[in-house]
Each structure stands twice: as C-alpha cells, then as structure tokens.
$ cat input07.txt   # compact mmCIF, C-alpha atoms
# COMPACT_ATOMS: atom_id res chain seq x y z
CA MET O 1 23.59 -2.05 1.61
CA ASP O 2 20.71 -4.24 0.46
CA ASP O 3 17.66 -2.61 -1.09
CA GLU O 4 15.55 -3.19 2.01
CA ALA O 5 18.00 -1.11 4.01
CA ALA O 6 18.14 1.46 1.21
CA ASN O 7 14.36 1.89 1.23
CA LEU O 8 14.12 2.35 4.99
CA GLU O 9 16.74 3.88 7.25
CA MET O 10 16.21 3.44 10.94
CA THR O 11 17.78 4.78 14.13
CA VAL O 12 16.90 3.85 17.69
CA ALA O 13 17.76 6.03 20.69
CA SER O 14 16.95 5.82 24.38
CA SER O 15 16.89 8.63 26.87
CA GLY O 16 15.58 7.96 30.35
CA ASP O 17 12.19 6.31 30.00
CA VAL O 18 11.69 7.33 26.36
CA ALA O 19 12.72 5.19 23.39
CA THR O 20 12.70 6.96 20.05
CA ILE O 21 12.63 5.10 16.75
CA THR O 22 13.28 7.32 13.76
CA LEU O 23 12.28 5.98 10.36
CA VAL O 24 13.29 7.49 7.03
CA GLY O 25 12.04 6.16 3.70
CA GLU O 26 9.18 3.85 2.87
CA LEU O 27 7.26 1.56 5.20
CA ASP O 28 5.72 -1.26 3.18
CA PRO O 29 5.67 -5.09 3.25
CA HIS O 30 9.30 -5.13 2.09
CA THR O 31 10.60 -3.02 4.98
CA ALA O 32 7.97 -3.56 7.69
CA SER O 33 9.61 -6.66 9.17
CA ARG O 34 12.83 -4.78 9.92
CA ALA O 35 10.90 -1.90 11.46
CA GLY O 36 8.91 -4.45 13.43
CA GLU O 37 12.10 -5.86 14.95
CA ALA O 38 13.13 -2.39 16.18
CA ILE O 39 9.68 -1.81 17.64
CA ASP O 40 9.73 -5.20 19.35
CA ALA O 41 13.10 -4.36 20.94
CA ALA O 42 11.68 -1.09 22.29
CA LEU O 43 8.55 -2.82 23.57
CA ALA O 44 10.62 -5.47 25.31
CA ASP O 45 12.35 -2.88 27.49
CA PRO O 46 10.00 -2.17 30.40
CA ALA O 47 12.06 0.91 31.28
CA SER O 48 10.70 2.58 28.13
CA THR O 49 7.36 3.91 29.31
CA THR O 50 7.01 6.01 26.18
CA VAL O 51 7.92 4.83 22.69
CA VAL O 52 8.17 7.59 20.11
CA MET O 53 7.92 6.74 16.42
CA ASP O 54 9.36 9.67 14.48
CA LEU O 55 7.78 9.45 11.02
CA SER O 56 8.89 12.86 9.73
CA GLY O 57 11.11 11.12 7.17
CA ILE O 58 8.51 8.59 6.01
CA ASP O 59 7.24 9.40 2.54
CA PHE O 60 5.16 6.26 2.07
CA ILE O 61 3.24 3.98 4.40
CA ASP O 62 0.67 1.30 3.71
CA SER O 63 -1.42 -1.08 5.81
CA SER O 64 1.64 -3.15 6.75
CA GLY O 65 3.15 -0.09 8.43
CA LEU O 66 -0.13 0.93 10.01
CA ARG O 67 -0.53 -2.57 11.42
CA LEU O 68 2.87 -2.24 13.10
CA LEU O 69 1.73 0.95 14.78
CA ILE O 70 -1.59 -0.59 15.83
CA ARG O 71 0.20 -3.60 17.31
CA ALA O 72 2.67 -1.37 19.17
CA GLN O 73 -0.19 0.78 20.47
CA ASN O 74 -2.09 -2.28 21.71
CA GLU O 75 0.93 -3.80 23.46
CA LEU O 76 1.97 -0.53 25.09
CA GLU O 77 -1.56 0.19 26.22
CA GLU O 78 -1.75 -3.22 27.90
CA SER O 79 1.26 -2.34 30.07
CA ASP O 80 0.17 1.25 30.80
CA ARG O 81 2.77 2.69 28.47
CA GLN O 82 2.35 5.12 25.61
CA LEU O 83 3.03 5.30 21.89
CA VAL O 84 3.66 8.71 20.37
CA VAL O 85 3.76 9.19 16.61
CA ARG O 86 5.82 12.24 15.80
CA HIS O 87 5.52 14.46 12.73
CA PRO O 88 3.66 12.26 10.25
CA SER O 89 3.16 13.77 6.79
CA ALA O 90 -0.29 14.84 5.64
CA ALA O 91 -0.53 11.70 3.49
CA VAL O 92 0.32 9.48 6.46
CA LYS O 93 -2.15 11.32 8.68
CA ARG O 94 -4.86 10.81 6.07
CA LEU O 95 -4.38 7.05 6.38
CA PHE O 96 -4.55 7.41 10.17
CA ASP O 97 -7.91 9.11 9.68
CA ILE O 98 -9.20 6.43 7.30
CA THR O 99 -8.25 3.58 9.60
CA GLY O 100 -9.32 5.25 12.84
CA LEU O 101 -5.78 5.28 14.22
CA VAL O 102 -5.79 9.04 14.73
CA GLY O 103 -8.12 8.75 17.70
CA ARG O 104 -6.16 5.97 19.36
CA VAL O 105 -2.57 7.13 19.10
CA LYS O 106 -1.05 10.34 20.38
CA VAL O 107 0.15 12.28 17.35
CA GLU O 108 2.62 15.16 17.62
CA ASP O 109 2.39 17.43 14.61
CA LEU O 110 5.07 19.73 13.30
CA PRO O 111 4.86 23.16 14.99
CA MET W 1 -24.82 1.87 -32.10
CA SER W 2 -22.09 1.39 -34.70
CA LYS W 3 -22.61 1.77 -38.42
CA ALA W 4 -22.03 -1.14 -40.80
CA GLY W 5 -18.31 -1.76 -41.19
CA GLU W 6 -17.41 0.12 -38.02
CA ALA W 7 -16.19 -1.58 -34.86
CA PRO W 8 -18.59 -1.39 -31.89
CA ALA W 9 -17.80 1.40 -29.45
CA ALA W 10 -16.70 -1.05 -26.76
CA GLU W 11 -14.14 -2.57 -29.13
CA VAL W 12 -12.89 0.88 -30.10
CA ASP W 13 -12.55 1.78 -26.41
CA GLU W 14 -10.71 -1.47 -25.70
CA ALA W 15 -8.37 -0.92 -28.65
CA ALA W 16 -7.62 2.61 -27.43
CA ALA W 17 -6.98 1.31 -23.90
CA ASP W 18 -4.63 -1.37 -25.26
CA LYS W 19 -2.72 1.27 -27.20
CA ALA W 20 -2.34 3.55 -24.18
CA ALA W 21 -1.74 0.84 -21.58
CA VAL W 22 1.51 0.60 -19.64
CA LEU W 23 2.41 -2.98 -18.77
CA ILE W 24 4.68 -3.98 -15.91
CA ASP W 25 5.87 -7.49 -15.22
CA VAL W 26 7.87 -7.97 -12.03
CA PRO W 27 8.77 -10.77 -9.64
CA ALA W 28 5.87 -11.31 -7.22
CA GLU W 29 7.96 -10.19 -4.27
CA ALA W 30 7.51 -7.39 -1.77
CA ARG W 31 10.55 -5.57 -3.13
CA SER W 32 8.69 -5.08 -6.43
CA LEU W 33 6.00 -2.92 -4.84
CA ARG W 34 8.19 0.18 -5.04
CA VAL W 35 8.58 -0.22 -8.81
CA VAL W 36 4.83 -0.64 -9.28
CA ARG W 37 4.12 2.44 -7.16
CA LEU W 38 6.61 4.49 -9.16
CA ALA W 39 5.05 3.39 -12.45
CA ALA W 40 1.54 4.12 -11.19
CA SER W 41 2.62 7.61 -10.11
CA ALA W 42 4.16 8.33 -13.49
CA VAL W 43 1.13 7.13 -15.45
CA ALA W 44 -1.25 9.06 -13.20
CA GLY W 45 0.84 12.21 -13.58
CA ASP W 46 0.80 11.88 -17.37
CA ALA W 47 -2.98 11.36 -17.25
CA GLY W 48 -3.45 14.66 -15.39
CA VAL W 49 -4.40 13.17 -12.05
CA GLY W 50 -3.85 15.69 -9.22
CA LEU W 51 -1.25 15.24 -6.51
CA ASP W 52 -3.75 13.93 -3.94
CA GLY W 53 -5.12 11.51 -6.51
CA ILE W 54 -1.64 10.28 -7.33
CA GLU W 55 -0.95 9.67 -3.65
CA ASP W 56 -4.24 7.79 -3.30
CA LEU W 57 -3.41 5.67 -6.34
CA ARG W 58 0.06 4.85 -5.03
CA VAL W 59 -1.39 3.48 -1.82
CA ALA W 60 -4.31 1.68 -3.48
CA VAL W 61 -2.11 -0.05 -6.08
CA ASP W 62 0.35 -1.03 -3.36
CA GLU W 63 -2.40 -2.60 -1.25
CA ALA W 64 -3.93 -4.47 -4.20
CA CYS W 65 -0.57 -5.83 -5.37
CA ALA W 66 0.56 -6.65 -1.83
CA VAL W 67 -2.34 -9.03 -1.24
CA LEU W 68 -1.44 -11.02 -4.36
CA ILE W 69 2.26 -10.99 -3.50
CA GLU W 70 1.58 -12.20 0.04
CA HIS W 71 -0.05 -15.33 -1.38
CA ALA W 72 2.08 -15.68 -4.53
CA GLU W 73 3.40 -19.01 -5.71
CA ASP W 74 7.19 -19.34 -5.43
CA GLY W 75 8.79 -17.80 -8.50
CA ALA W 76 5.51 -16.25 -9.69
CA ARG W 77 5.37 -12.98 -11.61
CA LEU W 78 3.04 -10.06 -10.98
CA ALA W 79 1.65 -8.48 -14.15
CA VAL W 80 0.16 -5.00 -13.77
CA ARG W 81 -1.65 -3.02 -16.47
CA LEU W 82 -2.12 0.73 -16.09
CA VAL W 83 -4.51 2.42 -18.48
CA PRO W 84 -4.50 6.23 -18.41
CA GLY W 85 -7.80 7.99 -18.99
CA ASP W 86 -9.01 11.55 -18.69
CA ARG W 87 -7.56 12.55 -15.31
CA SER W 88 -7.95 8.95 -14.19
CA VAL W 89 -6.18 5.60 -14.30
CA GLU W 90 -7.55 2.07 -14.43
CA VAL W 91 -5.33 -0.57 -12.92
CA SER W 92 -5.48 -4.34 -13.12
CA GLY W 93 -3.07 -6.99 -12.01
CA ARG W 94 -2.73 -10.73 -12.00
CA CYS W 95 -0.56 -13.31 -10.30
CA GLU W 96 -0.42 -17.05 -9.64
CA VAL W 97 -1.10 -17.72 -5.99
CA ARG W 98 -0.79 -20.77 -3.74
CA SER W 99 -3.67 -19.87 -1.40
CA VAL W 100 -6.80 -17.77 -1.55
CA PRO W 101 -5.81 -14.11 -1.20
CA SER W 102 -7.81 -12.18 1.37
CA LEU W 103 -7.46 -8.56 2.35
CA HIS W 104 -6.56 -7.62 5.89
CA PRO W 105 -9.35 -5.39 7.28
CA VAL W 106 -6.99 -2.40 7.43
CA ALA W 107 -6.10 -2.85 3.75
CA ALA W 108 -9.77 -3.25 2.88
CA GLU W 109 -10.61 0.02 4.64
CA ILE W 110 -7.87 1.82 2.76
CA LEU W 111 -8.91 0.43 -0.62
CA ALA W 112 -12.56 1.29 0.01
CA MET W 113 -11.61 4.91 0.65
CA LEU W 114 -8.86 5.47 -1.90
CA ALA W 115 -10.06 3.62 -5.01
CA ASP W 116 -13.25 3.04 -6.94
CA GLY W 117 -14.53 -0.35 -8.03
CA PHE W 118 -11.93 -2.56 -6.38
CA GLU W 119 -12.46 -6.19 -7.34
CA LEU W 120 -10.41 -9.25 -6.46
CA GLU W 121 -11.35 -12.47 -8.17
CA GLU W 122 -10.09 -15.85 -9.29
CA LEU W 123 -9.50 -16.16 -13.04
CA HIS W 124 -8.44 -19.79 -13.19
CA SER W 125 -8.80 -22.28 -10.39
CA ALA W 126 -5.95 -24.42 -9.11
CA GLY W 127 -4.38 -26.73 -11.67
CA PRO W 128 -2.28 -29.85 -11.13
CA GLN W 129 0.53 -27.75 -9.67
CA GLY W 130 -1.85 -26.31 -7.08
CA ALA W 131 -1.53 -22.66 -8.15
CA SER W 132 -4.48 -20.56 -9.23
CA LEU W 133 -4.53 -17.29 -11.13
CA TRP W 134 -6.04 -14.29 -9.34
CA HIS W 135 -6.78 -10.86 -10.68
CA PHE W 136 -7.58 -7.43 -9.26
CA ARG W 137 -9.02 -4.32 -10.82
CA LEU W 138 -9.45 -0.77 -9.50
CA ARG W 139 -9.60 2.77 -10.77
CA THR W 140 -8.81 6.17 -9.37
CA HIS W 141 -11.62 8.21 -7.90
CA ALA W 142 -13.42 10.38 -10.44
CA PRO W 143 -11.76 13.80 -10.45
CA VAL W 144 -13.57 16.60 -8.65
CA GLY W 145 -16.03 18.28 -11.00
CA ALA W 146 -16.09 15.38 -13.47
CA GLN W 147 -19.41 14.51 -15.08
CA PRO W 148 -20.72 11.01 -14.37

$ encode --input "input07.txt" --output "structure tokens"
Amino acid sequence: MDDEAANLEMTVASSGDVATITLVGELDPHTASRAGEAIDAALADPASTTVVMDLSGIDFIDSSGLRLLIRAQNELEESDRQLVVRHPSAAVKRLFDITGLVGRVKVEDLP
Amino acid sequence: MSKAGEAPAAEVDEAAADKAAVLIDVPAEARSLRVVRLAASAVAGDAGVGLDGIEDLRVAVDEACAVLIEHAEDGARLAVRLVPGDRSVEVSGRCEVRSVPSLHPVAAEILAMLADGFELEELHSAGPQGASLWHFRLRTHAPVGAQP
C-alpha cells in the first residue's frame, strides 16, 4: 500500500439511486485526486440521483477537499441531483461554516 | 531601551526565538504536508495552545504550505520554522517556486479565519534557472483572555 492509500481509505457502494462514498483518513492535496476520481465515477452515473459522502472517518480536511465537495455539489445541482455530506466532525463542519458550504450542501449530523 | 553593553530587546527576542525554534525541511511535495501538520500540532501542544487552536493551526499551516508546494520547482525543498510562544506559535516557510503562488479563494477564506497576520511574499526574484524564492508567515490567533 502506498502512502496515499494509507492516508485515505475509500469505499464506494451503490444501492438503488443512492451512491455512497465513504472516506476514512485525511483529505488533503496528496489524497484529493484519488477521492476526486471516486466522486467523478459517482457523478457519471445518472442513475445515482443522490450522492452521499460519508465523512465520519475523516479527521482532516483542507481547501482541496472542500473544493471537491463544492465541485460535486455544483455538478449534481446542475442535473437536479443531490449531494449529502454525512457525519462530518466538528472541525470539518467549522470549515463548512467558514467557507459558506454549510448553507449549500445537505449535512446529516450524527444523532 | 537597552543599557550599554546589552543587546537590544529585539535581538534578545530573536535569539530566544532561534533557540526555541523547530525547523523542518521536507521535499516540496503534497505527501510532506502530513509531516508538517504533525510537527505543528506537537509544537502548538508544547506551547500550551488549546485543542481548537491546534486544529486551526494544523489547517492554516497546511494551506500556507500547500500553496508553495503547488507551485514548487521540481526537486525543491520546503523549509518550515515553528517558533513556540506563550500559548501561541509563529510559523514561517520558504520554497523555490517556478510560478507565482496564488491562493485559491477557498484557501484564502480559511487562512483569514484561522490565522493571524498571514503574509505571502517573494524573497528573491527568478534567477537564471527561472526559480524564485517565496516565503510565508503566519501566527496562531491570540489565546482567549490574552492581553494585547
């Protein structure tokens, strides 16, 4: 396993019209391109009307990761589909607040 | 004002900062960001910065280093200096770049909120090889309750 894979583990699952991408680790310029490929694959499937990004295992994110989410949100919105960000940590949510993403993306918090 | 035979206060401060500084020199590659973040966290923890402040510093240092790395000359090194203070950390970094580094607006928003006094400037303009040396500086927010 290279260190890029070690710093970010990723699983992709599809169920009906929902694609779920689960990320565990750190989302930064080193790992963002790989995460971007998984997001692109989900976006390319028109059957996925909802794309869920499960960030419960993300312990670091920077602007490179936020830009991925913004791009995904924009592309999904253009085709009347939806991005859902699931279980971001408090630190991740703080960056959503700072960058205005919190008002644009549906966020599911932990119960 | 210093007395005769004593070093000026600024020199004393600089000497103390040099003594306390933690220096990191890593390849100017994205994979190095994790190491820099870990070092920044450790220095901030030793300096008594709170958990929220450490998290802010991790992100701010990452953003500042990432902009230099994005534009780094092939084979360049990123040198980062972390100076612990009283519940604060001052960070500076330098790297040879091949093009003018500019912050993405999202990164700029984050740095404006999470760090004080962020500066990004050219130290030496492009030489015969075409690379120029750029430098950043930032510090953690003043701790809550600190006197100005």

$ residues_near_point --input "input07.txt" --point "(6.2, 13.6, 12.0)" --cutoff "9 Å" --atoms "only C-alpha atoms" --output "MDAnalysis selection string"
chainID O and resid 53:58 85:89 107:110

$ write_last_selection --input "input07.txt" --atoms "C-alpha atoms" --output "PDB file, keeping the file's coordinate frame"
ATOM      1  CA  MET O  53       7.920   6.740  16.420  1.00  0.00           C
ATOM      2  CA  ASP O  54       9.360   9.670  14.480  1.00  0.00           C
ATOM      3  CA  LEU O  55       7.780   9.450  11.020  1.00  0.00           C
ATOM      4  CA  SER O  56       8.890  12.860   9.730  1.00  0.00           C
ATOM      5  CA  GLY O  57      11.110  11.120   7.170  1.00  0.00           C
ATOM      6  CA  ILE O  58       8.510   8.590   6.010  1.00  0.00           C
ATOM      7  CA  VAL O  85       3.760   9.190  16.610  1.00  0.00           C
ATOM      8  CA  ARG O  86       5.820  12.240  15.800  1.00  0.00           C
ATOM      9  CA  HIS O  87       5.520  14.460  12.730  1.00  0.00           C
ATOM     10  CA  PRO O  88       3.660  12.260  10.250  1.00  0.00           C
ATOM     11  CA  SER O  89       3.160  13.770   6.790  1.00  0.00           C
ATOM     12  CA  VAL O 107       0.150  12.280  17.350  1.00  0.00           C
ATOM     13  CA  GLU O 108       2.620  15.160  17.620  1.00  0.00           C
ATOM     14  CA  ASP O 109       2.390  17.430  14.610  1.00  0.00           C
ATOM     15  CA  LEU O 110       5.070  19.730  13.300  1.00  0.00           C
TER      16      LEU O 110
END

$ closest_atom_pairs --input "input07.txt" --of "chain O" --to "chain W" --cutoff "9 Å" --atoms "all atoms listed in the file" --output "tab-separated table"
residue	atom	partner	partner_atom	distance
O:Asp3	CA	W:Arg31	CA	8.0
O:Glu4	CA	W:Arg31	CA	7.6
O:Asn7	CA	W:Arg34	CA	9.0
O:Glu26	CA	W:Arg34	CA	8.8
O:Asp28	CA	W:Ala30	CA	8.1
O:Pro29	CA	W:Ala30	CA	5.8
O:His30	CA	W:Ala30	CA	4.8
O:Thr31	CA	W:Arg31	CA	8.5
O:Phe60	CA	W:Val59	CA	8.1
O:Ile61	CA	W:Val59	CA	7.8
O:Asp62	CA	W:Val59	CA	6.3
O:Ser63	CA	W:Ala107	CA	5.4
O:Ser64	CA	W:Ala107	CA	8.3
O:Leu66	CA	W:Val106	CA	8.1
O:Arg67	CA	W:Val106	CA	7.6
O:Ala91	CA	W:Glu55	CA	7.4
O:Leu95	CA	W:Ile110	CA	7.3
O:Ile98	CA	W:Ile110	CA	6.6
O:Thr99	CA	W:Val106	CA	6.5

$ closest_residue --input "input07.txt" --among "W:Ala21, W:Ala115, W:Val26, W:Val43" --to "Gly75 in chain W" --atoms "all atoms listed in the file"
W:Val26

$ residues_around --input "input07.txt" --residues "Glu96 in chain W" --least-positions-apart "4" --cutoff "7 Å" --atoms "all atoms listed in the file" --output "short mmCIF file (atom, residue, chain, number, x, y, z; two decimals) with C-alpha atoms, in the coordinates of the input"
data_model
loop_
_atom_site.label_atom_id
_atom_site.label_comp_id
_atom_site.auth_asym_id
_atom_site.auth_seq_id
_atom_site.Cartn_x
_atom_site.Cartn_y
_atom_site.Cartn_z
CA ALA W 72 2.08 -15.68 -4.53
CA GLU W 73 3.40 -19.01 -5.71
CA ALA W 76 5.51 -16.25 -9.69
CA ALA W 131 -1.53 -22.66 -8.15
CA SER W 132 -4.48 -20.56 -9.23
CA LEU W 133 -4.53 -17.29 -11.13
CA TRP W 134 -6.04 -14.29 -9.34
#

$ axis_aligned_box --input "input07.txt" --around "range 28-35 of chain W" --padding-each-side "5 Å" --output "lines of an AutoDock Vina configuration file"
center_x = 8.2
center_y = -5.6
center_z = -5.3
size_x = 14.7
size_y = 21.5
size_z = 17.0

$ residues_around --input "input07.txt" --residues "Ala41 in chain O" --least-positions-apart "2" --cutoff "12 Å" --atoms "only C-alpha atoms" --output "tab-separated table (two decimals) with C-alpha atoms, in the coordinates of the input"
chain	number	residue	atom	x	y	z
O	12	VAL	CA	16.90	3.85	17.69
O	13	ALA	CA	17.76	6.03	20.69
O	14	SER	CA	16.95	5.82	24.38
O	19	ALA	CA	12.72	5.19	23.39
O	20	THR	CA	12.70	6.96	20.05
O	21	ILE	CA	12.63	5.10	16.75
O	34	ARG	CA	12.83	-4.78	9.92
O	35	ALA	CA	10.90	-1.90	11.46
O	36	GLY	CA	8.91	-4.45	13.43
O	37	GLU	CA	12.10	-5.86	14.95
O	38	ALA	CA	13.13	-2.39	16.18
O	39	ILE	CA	9.68	-1.81	17.64
O	43	LEU	CA	8.55	-2.82	23.57
O	44	ALA	CA	10.62	-5.47	25.31
O	45	ASP	CA	12.35	-2.88	27.49
O	46	PRO	CA	10.00	-2.17	30.40
O	47	ALA	CA	12.06	0.91	31.28
O	48	SER	CA	10.70	2.58	28.13
O	51	VAL	CA	7.92	4.83	22.69
O	72	ALA	CA	2.67	-1.37	19.17

$ residues_around --input "input07.txt" --residues "Arg81 in chain O" --least-positions-apart "3" --cutoff "7 Å" --atoms "only C-alpha atoms" --output "list in words"
Thr49, Thr50, Leu76 and Glu77 of chain O

$ atom_distance --input "input07.txt" --atom1 "CA of Cys95 in chain W" --atom2 "CA of Ala16 in chain W"
24.4 Å

$ decode --input "input07.txt" --residues "range 51-74 of chain O" --atoms "N, CA and C atoms" --output "short mmCIF file (atom, residue, chain, number, x, y, z; two decimals), in the first residue's frame"
data_model
loop_
_atom_site.label_atom_id
_atom_site.label_comp_id
_atom_site.auth_asym_id
_atom_site.auth_seq_id
_atom_site.Cartn_x
_atom_site.Cartn_y
_atom_site.Cartn_z
N VAL O 51 -25.88 11.46 -4.13
CA VAL O 51 -24.52 11.00 -3.82
C VAL O 51 -24.24 11.38 -2.37
N VAL O 52 -23.96 10.36 -1.57
CA VAL O 52 -23.68 10.58 -0.15
C VAL O 52 -22.17 10.50 0.07
N MET O 53 -21.63 11.53 0.70
CA MET O 53 -20.21 11.49 1.10
C MET O 53 -20.19 11.29 2.61
N ASP O 54 -19.80 10.09 3.02
CA ASP O 54 -19.74 9.79 4.45
C ASP O 54 -18.36 10.21 4.97
N LEU O 55 -18.34 11.29 5.75
CA LEU O 55 -17.07 11.85 6.24
C LEU O 55 -16.83 11.52 7.71
N SER O 56 -17.57 10.56 8.25
CA SER O 56 -17.44 10.29 9.69
C SER O 56 -16.02 9.84 10.05
N GLY O 57 -15.31 9.28 9.09
CA GLY O 57 -13.94 8.82 9.37
C GLY O 57 -12.86 9.81 8.94
N ILE O 58 -13.27 11.00 8.52
CA ILE O 58 -12.28 12.00 8.08
C ILE O 58 -11.82 12.82 9.28
N ASP O 59 -10.54 12.77 9.57
CA ASP O 59 -10.04 13.55 10.71
C ASP O 59 -9.26 14.80 10.28
N PHE O 60 -9.13 14.99 8.97
CA PHE O 60 -8.53 16.24 8.49
C PHE O 60 -9.04 16.53 7.09
N ILE O 61 -9.39 17.79 6.87
CA ILE O 61 -9.77 18.22 5.52
C ILE O 61 -9.26 19.65 5.34
N ASP O 62 -8.84 19.96 4.14
CA ASP O 62 -8.42 21.34 3.85
C ASP O 62 -9.15 21.84 2.61
N SER O 63 -8.70 22.94 2.04
CA SER O 63 -9.44 23.53 0.94
C SER O 63 -9.48 22.62 -0.28
N SER O 64 -8.50 21.74 -0.44
CA SER O 64 -8.54 20.83 -1.59
C SER O 64 -9.73 19.88 -1.47
N GLY O 65 -9.99 19.41 -0.25
CA GLY O 65 -11.14 18.54 -0.04
C GLY O 65 -12.45 19.30 -0.15
N LEU O 66 -12.47 20.50 0.39
CA LEU O 66 -13.69 21.31 0.30
C LEU O 66 -14.02 21.63 -1.15
N ARG O 67 -12.98 21.87 -1.95
CA ARG O 67 -13.22 22.18 -3.36
C ARG O 67 -13.83 20.99 -4.09
N LEU O 68 -13.43 19.78 -3.70
CA LEU O 68 -14.05 18.59 -4.29
C LEU O 68 -15.55 18.57 -4.00
N LEU O 69 -15.89 18.86 -2.75
CA LEU O 69 -17.30 18.85 -2.36
C LEU O 69 -18.08 19.94 -3.09
N ILE O 70 -17.46 21.11 -3.21
CA ILE O 70 -18.13 22.22 -3.91
C ILE O 70 -18.37 21.86 -5.38
N ARG O 71 -17.35 21.26 -5.99
CA ARG O 71 -17.49 20.87 -7.40
C ARG O 71 -18.59 19.82 -7.55
N ALA O 72 -18.59 18.82 -6.66
CA ALA O 72 -19.62 17.78 -6.72
C ALA O 72 -21.01 18.40 -6.54
N GLN O 73 -21.13 19.31 -5.57
CA GLN O 73 -22.41 19.96 -5.32
C GLN O 73 -22.88 20.71 -6.57
N ASN O 74 -21.97 21.45 -7.19
CA ASN O 74 -22.34 22.22 -8.38
C ASN O 74 -22.80 21.32 -9.52
#
